[in-house]
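Coordinates from data-v1.txt are shown below (compact mmCIF, C-alpha atoms).
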```txt
# COMPACT_ATOMS: atom_id res chain seq x y z
CA MET X 1 -53.39 18.46 46.04
CA VAL X 2 -54.67 14.90 45.66
CA GLU X 3 -56.03 14.09 42.20
CA THR X 4 -59.56 12.73 41.81
CA VAL X 5 -60.53 9.67 39.74
CA PHE X 6 -64.24 9.48 38.97
CA ILE X 7 -65.84 5.99 38.93
CA CYS X 8 -68.82 5.61 36.56
CA TYR X 9 -71.08 2.53 36.78
CA ARG X 10 -74.62 1.17 36.49
CA ARG X 11 -76.54 0.77 39.72
CA LYS X 12 -76.34 -3.04 39.54
CA ASP X 13 -72.53 -2.81 39.47
CA TRP X 14 -72.27 -0.69 42.61
CA ALA X 15 -70.46 -3.35 44.71
CA LEU X 16 -67.69 -3.83 42.15
CA ALA X 17 -67.36 -0.07 41.57
CA GLN X 18 -67.03 0.52 45.30
CA LEU X 19 -64.37 -2.16 45.59
CA ILE X 20 -62.35 -0.71 42.72
CA ALA X 21 -62.63 2.78 44.22
CA ARG X 22 -61.35 1.63 47.59
CA ASP X 23 -58.48 -0.42 46.19
CA LEU X 24 -57.34 2.36 43.85
CA GLU X 25 -57.06 4.61 46.89
CA SER X 26 -54.94 1.95 48.62
CA GLN X 27 -52.51 1.74 45.70
CA LEU X 28 -52.45 5.33 44.40
CA GLU X 29 -52.43 8.76 46.00
CA VAL X 30 -55.88 9.59 44.65
CA SER X 31 -59.37 10.27 45.85
CA ALA X 32 -61.73 7.87 44.09
CA LEU X 33 -65.03 9.65 43.63
CA MET X 34 -68.02 7.45 42.87
CA ASP X 35 -71.15 8.53 41.04
CA ASP X 36 -73.37 9.58 43.93
CA ARG X 37 -76.70 7.90 43.26
CA ASN X 38 -78.37 10.18 45.79
CA ILE X 39 -78.05 12.94 43.21
CA ASP X 40 -81.28 12.79 41.23
CA ALA X 41 -81.51 13.16 37.46
CA ASP X 42 -82.54 16.82 37.67
CA SER X 43 -79.37 17.72 39.60
CA VAL X 44 -76.85 15.82 37.49
CA GLU X 45 -75.94 18.89 35.41
CA GLN X 46 -75.27 21.14 38.40
CA GLN X 47 -73.78 18.70 40.91
CA LEU X 48 -72.38 15.63 39.18
CA LEU X 49 -70.95 16.70 35.82
CA PRO X 50 -68.70 19.41 37.30
CA GLN X 51 -67.05 16.67 39.40
CA VAL X 52 -66.47 14.63 36.24
CA LYS X 53 -64.90 17.57 34.40
CA GLN X 54 -62.59 18.38 37.32
CA SER X 55 -61.35 14.78 37.74
CA ALA X 56 -57.94 13.69 36.49
CA ALA X 57 -59.51 10.61 34.85
CA VAL X 58 -62.74 8.62 34.62
CA VAL X 59 -63.05 4.86 35.11
CA ILE X 60 -66.13 3.22 33.57
CA VAL X 61 -67.17 -0.23 34.82
CA ILE X 62 -68.53 -2.09 31.79
CA THR X 63 -70.79 -5.13 32.19
CA ALA X 64 -73.49 -6.62 29.98
CA GLN X 65 -76.07 -4.02 31.02
CA THR X 66 -73.87 -0.91 30.71
CA PHE X 67 -74.63 -0.17 27.07
CA GLU X 68 -78.09 -1.71 26.63
CA ASP X 69 -79.55 -0.23 23.44
CA GLU X 70 -82.74 1.26 24.80
CA ARG X 71 -80.96 2.92 27.70
CA ILE X 72 -77.73 4.25 26.17
CA LYS X 73 -79.56 5.79 23.19
CA ARG X 74 -81.42 8.18 25.48
CA THR X 75 -79.73 11.56 25.70
CA ASP X 76 -80.72 11.83 29.36
CA ASP X 77 -79.10 8.50 30.27
CA ARG X 78 -76.88 9.03 33.31
CA VAL X 79 -73.89 6.98 32.14
CA ARG X 80 -74.02 8.57 28.70
CA ARG X 81 -74.07 12.07 30.17
CA ILE X 82 -71.07 11.32 32.40
CA LEU X 83 -69.03 9.87 29.54
CA ASN X 84 -70.02 12.71 27.24
CA ALA X 85 -68.89 15.26 29.83
CA ALA X 86 -65.56 13.45 30.33
CA LEU X 87 -64.83 13.31 26.61
CA ALA X 88 -65.89 16.92 26.07
CA ALA X 89 -63.53 18.00 28.87
CA ARG X 90 -60.76 15.84 27.34
CA ARG X 91 -60.50 13.68 30.43
CA PRO X 92 -58.93 10.24 29.84
CA VAL X 93 -61.45 7.43 30.19
CA PHE X 94 -60.33 3.96 31.28
CA PRO X 95 -62.84 1.13 30.65
CA VAL X 96 -62.97 -1.84 33.02
CA TYR X 97 -64.20 -4.82 30.98
CA VAL X 98 -65.88 -7.24 33.37
CA ASP X 99 -65.65 -10.83 32.10
CA GLY X 100 -64.48 -9.57 28.71
CA THR X 101 -67.59 -7.47 28.03
CA ARG X 102 -66.74 -4.96 25.30
CA PRO X 103 -68.83 -2.04 24.03
CA ARG X 104 -70.13 -2.27 20.48
CA TYR X 105 -68.85 0.13 17.84
CA ASN X 106 -72.37 1.47 17.19
CA LEU X 107 -72.47 3.50 20.38
CA PRO X 108 -74.01 6.97 20.11
CA GLU X 109 -71.61 9.25 18.27
CA ASP X 110 -70.92 11.52 21.26
CA ILE X 111 -69.47 8.61 23.30
CA ARG X 112 -68.24 6.36 20.49
CA PRO X 113 -64.53 6.86 21.36
CA ILE X 114 -65.16 4.68 24.42
CA ALA X 115 -65.48 1.68 22.07
CA TRP X 116 -61.78 1.80 21.15
CA ALA X 117 -60.32 3.20 24.36
CA GLU X 118 -57.58 1.11 25.96
CA GLY X 119 -59.07 -0.79 28.86
CA VAL X 120 -58.46 -3.49 31.44
CA ASN X 121 -60.02 -6.95 31.75
CA PHE X 122 -61.43 -7.94 35.14
CA SER X 123 -62.70 -11.42 35.99
CA ALA X 124 -63.22 -13.62 39.03
CA THR X 125 -59.73 -15.09 38.62
CA SER X 126 -57.87 -11.90 37.74
CA TYR X 127 -59.19 -9.10 39.92
CA SER X 128 -55.81 -8.29 41.51
CA THR X 129 -54.08 -8.31 38.12
CA GLY X 130 -56.76 -6.14 36.56
CA LEU X 131 -56.51 -3.65 39.41
CA ASP X 132 -52.73 -3.73 39.09
CA LYS X 133 -52.85 -2.86 35.40
CA LEU X 134 -55.47 -0.15 35.93
CA SER X 135 -53.28 1.44 38.61
CA HIS X 136 -50.28 1.25 36.31
CA MET X 137 -52.17 2.94 33.46
CA LEU X 138 -53.34 5.74 35.75
CA ALA X 139 -49.82 6.21 37.11
CA LEU X 140 -48.20 6.38 33.67
CA GLN X 141 -50.82 8.17 31.59
CA VAL X 142 -52.25 10.53 34.19
CA GLY X 143 -49.21 10.93 36.45
CA VAL X 144 -50.93 9.76 39.62
CA PRO X 145 -48.25 8.76 42.18
CA ARG X 146 -48.31 5.33 43.76
CA ARG X 147 -48.54 4.86 47.51
CA GLN X 148 -45.47 3.31 49.11
CA ARG X 149 -46.01 -0.03 50.81
CA GLU X 150 -43.66 -2.12 52.89
CA VAL X 151 -43.07 -5.72 51.97
CA ALA X 152 -40.79 -7.97 53.99
CA LEU X 153 -39.12 -11.25 53.10
CA ALA X 154 -41.27 -14.09 54.37
CA GLY X 155 -40.93 -17.83 54.63
CA VAL X 156 -43.10 -20.26 52.73
CA GLY X 157 -46.73 -19.92 53.70
CA ALA X 158 -46.31 -16.65 55.58
CA GLY X 159 -48.27 -13.57 54.57
CA VAL X 160 -46.93 -10.04 54.52
CA GLY X 161 -48.83 -6.85 53.83
CA MET X 162 -52.58 -6.43 53.52
CA ASP X 163 -54.95 -9.14 54.65
CA SER X 164 -57.97 -10.14 52.62
CA ALA X 165 -60.84 -7.71 53.01
CA ALA X 166 -64.34 -7.47 51.58
CA SER X 167 -65.20 -9.39 48.45
CA PHE X 168 -67.55 -9.23 45.50
CA SER X 169 -68.62 -11.88 43.01
CA LEU X 170 -68.47 -12.21 39.26
CA ASN X 171 -70.88 -14.80 37.95
CA GLY X 172 -71.13 -16.22 41.43
CA ALA X 173 -67.37 -16.59 41.99
CA PRO X 174 -66.05 -14.77 45.09
CA VAL X 175 -63.08 -12.46 44.66
CA SER X 176 -61.04 -11.07 47.54
CA ALA X 177 -60.30 -7.38 47.60
CA HIS X 178 -56.75 -7.91 48.84
CA ALA X 179 -54.34 -10.82 48.90
CA HIS X 180 -51.41 -11.72 51.12
CA HIS X 181 -48.11 -10.47 49.72
CA THR X 182 -45.30 -13.00 50.20
CA LEU X 183 -41.86 -12.78 48.70
CA PRO X 184 -40.63 -15.97 47.03
CA LEU X 185 -37.68 -17.76 48.58
CA LEU X 186 -35.68 -19.04 45.62
CA GLU X 187 -33.19 -21.87 46.00
CA TRP X 188 -29.74 -20.72 44.93
CA VAL X 189 -26.70 -22.55 43.57
CA ASN X 190 -23.34 -20.81 43.88
CA ILE X 191 -21.30 -21.27 40.70
CA PRO X 192 -17.48 -20.99 40.87
CA ALA X 193 -15.47 -18.99 38.35
CA GLY X 194 -14.19 -20.76 35.27
CA HIS X 195 -13.26 -20.54 31.61
CA LEU X 196 -15.73 -21.39 28.86
CA THR X 197 -15.18 -22.06 25.18
CA MET X 198 -18.40 -21.83 23.20
CA HIS X 199 -18.29 -23.77 19.95
CA THR X 200 -21.69 -22.66 18.67
CA ILE X 201 -20.29 -19.14 18.97
CA VAL X 202 -16.61 -18.76 18.25
CA GLY X 203 -15.15 -17.40 21.44
CA ALA X 204 -13.60 -18.13 24.81
CA PHE X 205 -14.82 -16.41 27.96
CA ASP X 206 -13.68 -15.99 31.54
CA VAL X 207 -16.67 -16.55 33.81
CA PRO X 208 -16.62 -14.76 37.17
CA ALA X 209 -18.26 -16.52 40.11
CA PHE X 210 -22.03 -15.98 40.40
CA ALA X 211 -25.17 -17.59 41.80
CA ILE X 212 -28.11 -18.93 39.80
CA SER X 213 -31.57 -20.06 40.84
CA ARG X 214 -31.73 -23.84 41.02
CA TYR X 215 -34.99 -23.90 39.06
CA PRO X 216 -36.83 -21.63 36.63
CA VAL X 217 -39.12 -19.13 38.37
CA THR X 218 -42.41 -20.86 39.12
CA ARG X 219 -46.00 -19.68 38.86
CA GLU X 220 -46.23 -19.43 42.63
CA GLN X 221 -43.05 -17.37 42.82
CA PHE X 222 -44.17 -14.99 40.09
CA ARG X 223 -47.59 -14.59 41.67
CA ALA X 224 -45.88 -12.81 44.57
CA PHE X 225 -44.83 -10.06 42.14
CA ILE X 226 -48.43 -9.69 40.94
CA ASP X 227 -49.86 -9.66 44.46
CA ASP X 228 -47.41 -6.93 45.46
CA ALA X 229 -48.76 -4.69 42.66
CA GLY X 230 -45.65 -5.27 40.60
CA TYR X 231 -47.39 -4.30 37.39
CA SER X 232 -48.40 -0.89 38.73
CA ASP X 233 -45.12 0.18 40.35
CA SER X 234 -43.20 2.40 37.92
CA ARG X 235 -39.91 1.68 39.71
CA TRP X 236 -39.75 -1.76 38.10
CA TRP X 237 -40.76 -0.57 34.61
CA ASP X 238 -38.43 2.35 33.93
CA GLY X 239 -37.23 2.01 30.33
CA LEU X 240 -39.21 -1.20 29.76
CA ILE X 241 -42.13 -1.96 27.45
CA TYR X 242 -45.31 -2.76 29.38
CA PRO X 243 -47.07 -5.94 28.12
CA ARG X 244 -50.39 -5.71 26.28
CA ASP X 245 -51.79 -8.72 28.12
CA VAL X 246 -50.87 -9.55 31.70
CA GLN X 247 -50.73 -13.31 32.29
CA VAL X 248 -52.28 -14.52 35.54
CA PRO X 249 -50.79 -17.82 36.74
CA ASN X 250 -53.43 -20.31 37.82
CA THR X 251 -53.26 -21.89 41.25
CA GLN X 252 -53.54 -25.49 40.04
CA ASN X 253 -49.87 -25.97 39.13
CA PRO X 254 -47.90 -23.66 41.44
CA HIS X 255 -44.58 -25.45 40.89
CA HIS X 256 -44.67 -25.37 37.10
CA PRO X 257 -42.46 -22.74 35.48
CA MET X 258 -44.06 -19.35 34.86
CA VAL X 259 -44.44 -18.89 31.11
CA SER X 260 -45.98 -16.46 28.60
CA LEU X 261 -43.91 -13.54 29.87
CA THR X 262 -42.08 -11.02 27.75
CA TRP X 263 -38.39 -10.33 28.29
CA PHE X 264 -39.38 -7.00 29.85
CA GLU X 265 -41.66 -8.64 32.41
CA SER X 266 -38.76 -10.88 33.45
CA ILE X 267 -36.55 -7.84 33.94
CA ALA X 268 -39.24 -6.07 35.99
CA TYR X 269 -39.47 -9.14 38.24
CA CYS X 270 -35.69 -9.14 38.74
CA ARG X 271 -35.76 -5.47 39.72
CA TRP X 272 -38.62 -6.04 42.15
CA LEU X 273 -36.92 -9.00 43.83
CA SER X 274 -33.57 -7.18 43.94
CA HIS X 275 -35.20 -4.32 45.80
CA HIS X 276 -36.75 -6.56 48.44
CA THR X 277 -33.81 -8.93 48.95
CA GLY X 278 -30.85 -6.55 48.64
CA LEU X 279 -29.29 -8.83 46.01
CA ASP X 280 -28.13 -7.70 42.57
CA LEU X 281 -30.37 -9.93 40.46
CA MET X 282 -30.72 -10.22 36.71
CA LEU X 283 -31.34 -12.70 33.92
CA PRO X 284 -28.29 -14.86 33.18
CA THR X 285 -26.03 -14.12 30.26
CA GLU X 286 -25.61 -16.92 27.73
CA VAL X 287 -22.12 -17.55 29.09
CA GLN X 288 -23.40 -17.87 32.65
CA TRP X 289 -26.27 -20.13 31.59
CA GLN X 290 -24.06 -22.52 29.63
CA TRP X 291 -21.35 -22.62 32.30
CA ALA X 292 -23.98 -23.49 34.92
CA SER X 293 -25.35 -26.26 32.68
CA HIS X 294 -22.12 -28.26 32.27
CA GLY X 295 -19.13 -26.55 33.93
CA GLU X 296 -15.73 -28.09 33.27
CA ALA X 297 -17.41 -31.31 32.09
CA ARG X 298 -18.49 -29.64 28.81
CA THR X 299 -21.05 -32.38 28.17
CA TYR X 300 -23.83 -32.37 25.56
CA TYR X 301 -26.48 -32.52 28.28
CA PRO X 302 -26.37 -31.38 31.91
CA TRP X 303 -26.05 -34.99 33.11
CA GLY X 304 -23.58 -36.27 30.47
CA ASP X 305 -23.05 -36.97 26.78
CA ILE X 306 -25.63 -39.74 26.40
CA PHE X 307 -29.21 -38.59 25.94
CA ASP X 308 -31.70 -39.99 28.45
CA LEU X 309 -35.41 -39.30 27.93
CA SER X 310 -36.14 -39.99 31.61
CA ARG X 311 -34.14 -36.90 32.61
CA CYS X 312 -36.04 -34.14 30.80
CA ASN X 313 -39.37 -32.96 29.36
CA ILE X 314 -39.11 -32.56 25.59
CA LYS X 315 -41.30 -33.32 22.58
CA GLU X 316 -40.28 -36.98 22.52
CA SER X 317 -41.43 -37.30 26.15
CA GLY X 318 -45.03 -36.94 24.99
CA VAL X 319 -46.07 -34.83 27.98
CA GLY X 320 -47.29 -32.01 25.77
CA GLY X 321 -46.99 -29.29 28.42
CA THR X 322 -44.94 -27.99 31.32
CA THR X 323 -44.07 -30.13 34.32
CA PRO X 324 -43.07 -29.22 37.91
CA VAL X 325 -39.52 -27.85 37.96
CA THR X 326 -38.46 -30.57 40.44
CA ARG X 327 -39.85 -33.52 38.48
CA PHE X 328 -36.75 -34.48 36.49
CA ASP X 329 -34.14 -34.55 39.25
CA GLY X 330 -31.99 -36.86 37.12
CA GLY X 331 -31.33 -33.94 34.78
CA ILE X 332 -29.20 -32.09 37.32
CA SER X 333 -26.04 -30.27 36.17
CA PRO X 334 -22.61 -30.85 37.78
CA PHE X 335 -23.21 -27.80 39.99
CA GLY X 336 -26.68 -28.92 41.09
CA VAL X 337 -28.80 -26.72 38.79
CA GLN X 338 -32.00 -28.41 37.58
CA ASP X 339 -34.42 -28.27 34.67
CA MET X 340 -31.89 -26.81 32.21
CA SER X 341 -32.79 -29.33 29.53
CA GLY X 342 -36.34 -29.11 28.15
CA ASN X 343 -39.53 -28.08 29.95
CA VAL X 344 -39.30 -24.39 28.93
CA TRP X 345 -36.99 -22.17 26.96
CA GLU X 346 -35.36 -19.56 29.18
CA TRP X 347 -34.73 -15.87 28.51
CA THR X 348 -31.16 -14.60 28.80
CA ARG X 349 -29.94 -11.01 28.85
CA SER X 350 -27.58 -11.62 25.91
CA GLU X 351 -28.17 -10.37 22.39
CA PHE X 352 -28.32 -13.40 20.10
CA ASP X 353 -25.88 -11.92 17.57
CA SER X 354 -23.50 -10.57 20.26
CA PRO X 355 -23.50 -13.06 23.14
CA ASP X 356 -20.29 -11.64 24.57
CA LYS X 357 -22.01 -8.33 25.33
CA ASP X 358 -24.58 -7.42 27.96
CA ALA X 359 -27.29 -5.85 25.81
CA ALA X 360 -28.98 -4.08 28.72
CA LEU X 361 -32.28 -2.46 27.69
CA GLN X 362 -31.30 -1.93 24.05
CA ILE X 363 -31.76 -5.61 23.30
CA THR X 364 -33.48 -6.46 20.00
CA SER X 365 -33.32 -10.26 19.87
CA PRO X 366 -32.52 -11.97 23.19
CA ALA X 367 -30.98 -15.42 23.11
CA LEU X 368 -32.98 -18.34 24.51
CA ARG X 369 -31.52 -21.45 26.12
CA GLY X 370 -32.63 -24.89 27.25
CA GLY X 371 -35.20 -26.15 24.76
CA SER X 372 -38.77 -26.91 25.78
CA PHE X 373 -41.53 -29.52 25.91
CA GLU X 374 -42.33 -28.63 22.28
CA GLU X 375 -38.76 -29.04 21.00
CA ARG X 376 -36.90 -32.18 20.01
CA MET X 377 -33.80 -33.72 21.52
CA LYS X 378 -31.26 -31.56 19.65
CA HIS X 379 -32.61 -28.43 21.33
CA ALA X 380 -32.17 -29.93 24.81
CA ARG X 381 -28.37 -29.76 24.50
CA THR X 382 -26.37 -27.41 26.70
CA THR X 383 -25.12 -25.61 23.59
CA SER X 384 -28.47 -25.20 21.81
CA ARG X 385 -29.55 -21.62 21.13
CA ALA X 386 -32.62 -19.83 19.81
CA ARG X 387 -33.77 -16.23 19.53
CA TYR X 388 -37.00 -14.35 20.10
CA TYR X 389 -38.41 -10.83 20.27
CA PRO X 390 -38.32 -9.18 23.72
CA HIS X 391 -41.85 -7.73 23.52
CA LEU X 392 -43.49 -11.08 22.69
CA HIS X 393 -44.22 -14.12 24.81
CA ARG X 394 -44.68 -17.86 24.27
CA HIS X 395 -46.39 -20.60 26.21
CA ASP X 396 -43.12 -22.57 26.40
CA LEU X 397 -40.82 -19.71 27.44
CA GLY X 398 -39.88 -18.85 31.03
CA PHE X 399 -36.81 -17.60 32.90
CA ARG X 400 -34.47 -18.09 35.84
CA ILE X 401 -32.39 -15.56 37.78
CA THR X 402 -28.74 -14.94 38.57
CA SER X 403 -27.04 -12.99 41.33
CA ARG X 404 -23.72 -11.21 40.69
CA THR X 405 -22.47 -12.49 44.05
CA TRP X 406 -22.81 -15.80 45.84
CA VAL X 407 -25.87 -16.19 48.02
CA SER X 408 -25.39 -17.56 51.54
CA GLU X 409 -27.71 -20.24 52.85
```
Structure re-expressed in structure tokens:
Amino acid sequence: MVETVFICYRRKDWALAQLIARDLESQLEVSALMDDRNIDADSVEQQLLPQVKQSAAVVIVITAQTFEDERIKRTDDRVRRILNAALAARRPVFPVYVDGTRPRYNLPEDIRPIAWAEGVNFSATSYSTGLDKLSHMLALQVGVPRRQREVALAGVGAGVGMDSAASFSLNGAPVSAHAHHTLPLLEWVNIPAGHLTMHTIVGAFDVPAFAISRYPVTREQFRAFIDDAGYSDSRWWDGLIYPRDVQVPNTQNPHHPMVSLTWFESIAYCRWLSHHTGLDLMLPTEVQWQWASHGEARTYYPWGDIFDLSRCNIKESGVGGTTPVTRFDGGISPFGVQDMSGNVWEWTRSEFDSPDKDAALQITSPALRGGSFEERMKHARTTSRARYYPHLHRHDLGFRITSRTWVSE
């Protein structure tokens, strides 16, 4: 039996509510039931509220007019009656905050729990991400299964999956109901096996051959994961901690590295891309990262032992932010890997205190490599290390990917 999700809204928000209902049905195996405005006030008790009580969950679209004082204080208010019925029947309620609109804490007592319910932000620039997170919450907390969709590897500029459909507007800005889903084509560098002695960590390591992405994952490449409902597919999140705030990359700087991601989001992306490419992809270990940065040369910087400010983006560069991953081509490593010095710190899958071990999902303090635009010259060295918490993110922290086997052209 298909579960029902009831969509509650004010009449002025009908277009957005209808769009959410349709797109939830495209992502989840649910029947999205909207508040039927043809049911008059006298029939709400007999016809509408039973539907609310029998639903698996209720979604409430919240805009500036949803909780207007004079309206919501009335006991016969339609939205109030629906929310009251949902709470009384112990149905989970998921608020959709349009443009950050939040309910005040002085709501009528019978619906006051809505004020602190976990919700999802929707805006003109983040509709797909908001829908993605809402679907994920319904899947995890209510147990609604996700519909299976096919996604194929596509070249640059090609679209795969659903085409854009109807749109609505938030504050006059149009938002498409669907986006093209295109898998990113990463550039790979095949790294030969070798032997690495790490002086910052006492130890010598044999390094099997592997492949590593030539650049950190970019905003454009990560956007493909978002557009393919990556945040709502439980296959990529098994055993991981879901982020509190989903970051939506803007479209202005598509070739800048994707930042402000937790370690767990990076792992989910690797799982997603592994599934669609057939490759065994993961974050690099510290050993892999350092070997790819200098190889047998064992230099202080990817390009040599003499620091050169023209080859990297660090604090002394004065840029003050990220740059395109291809900008500093003079900072290339002996193997041809780029942007390993400065620009953004990069997550690894190694525990900072035990770099010789693959920490898997039990990691507590992942090691970071590479320095960033906010760090000085000493952190741009191939041996520089830092640590961070896996459930947090930073605006100067990104990631790149490795493959356990070489990748053919």
Neighbour list for Asn121 in chain X as a compact mmCIF listing (two decimals) with C-alpha atoms, keeping the file's coordinate frame, cut-off 9 Å, all atoms listed in the file, skip fewer than 2 positions in-chain:
```txt
# COMPACT_ATOMS: atom_id res chain seq x y z
CA PRO X 95 -62.84 1.13 30.65
CA VAL X 96 -62.97 -1.84 33.02
CA TYR X 97 -64.20 -4.82 30.98
CA VAL X 98 -65.88 -7.24 33.37
CA ASP X 99 -65.65 -10.83 32.10
CA GLY X 100 -64.48 -9.57 28.71
CA THR X 101 -67.59 -7.47 28.03
CA GLY X 119 -59.07 -0.79 28.86
CA SER X 123 -62.70 -11.42 35.99
CA SER X 126 -57.87 -11.90 37.74
CA TYR X 127 -59.19 -9.10 39.92
CA THR X 129 -54.08 -8.31 38.12
CA GLY X 130 -56.76 -6.14 36.56
```
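Ranking X:Gly331, X:Pro324, X:Pro145, X:Pro254 by their shortest atom-to-atom distance to Phe307 in chain X, with only C-alpha atoms included, puts X:Gly331 first.
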- [ ] Could you jot down the CA of Val59 in chain X to CA of Cys8 in chain X separation for me, Å, one decimal place?
- [x]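 Distance reported for this atom pair: 6.0 Å.
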TODO: Find the residues near range 136-143 of chain X: any atom within 9 Å, counting all atoms listed in the file, skip ones fewer than 3 places away on the same chain, and give them as a list in words.
DONE: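 Near range 136-143 of chain X, the qualifying residues are Leu28, Ala56, Ala57, Pro92, Phe94, Leu131, Asp132, Lys133, Arg146, Ala229, Tyr231, Ser232, Asp233 and Ser234 of chain X.
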Task: Proximity to Pro103 in chain X - best of X:Thr75, X:Gln252, X:Thr125, X:Thr66, all atoms listed in the file - done: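 So, comparing all the options, the nearest one is X:Thr66.
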Open item on the list: Excluding Ile332 in chain X and its own-chain neighbours fewer than 2 positions away, which residues fall within 10 Å of it when counting all atoms listed in the file? Please give them as number ranges by chain.
Closed with: X: 214, 293-294, 301-304, 311-312, 326, 328-330, 334-341
Open item on the list: One decimal, in Å: what's the spacing between CA of Ser350 in chain X and CA of Leu283 in chain X?
Closed with: 8.9 Å
- [ ] Could you check how far CA of Phe222 in chain X sits from CA of Cys270 in chain X, in Å to one decimal?
- [x]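 One can read the CA of Phe222 in chain X to CA of Cys270 in chain X distance as 10.4 Å.
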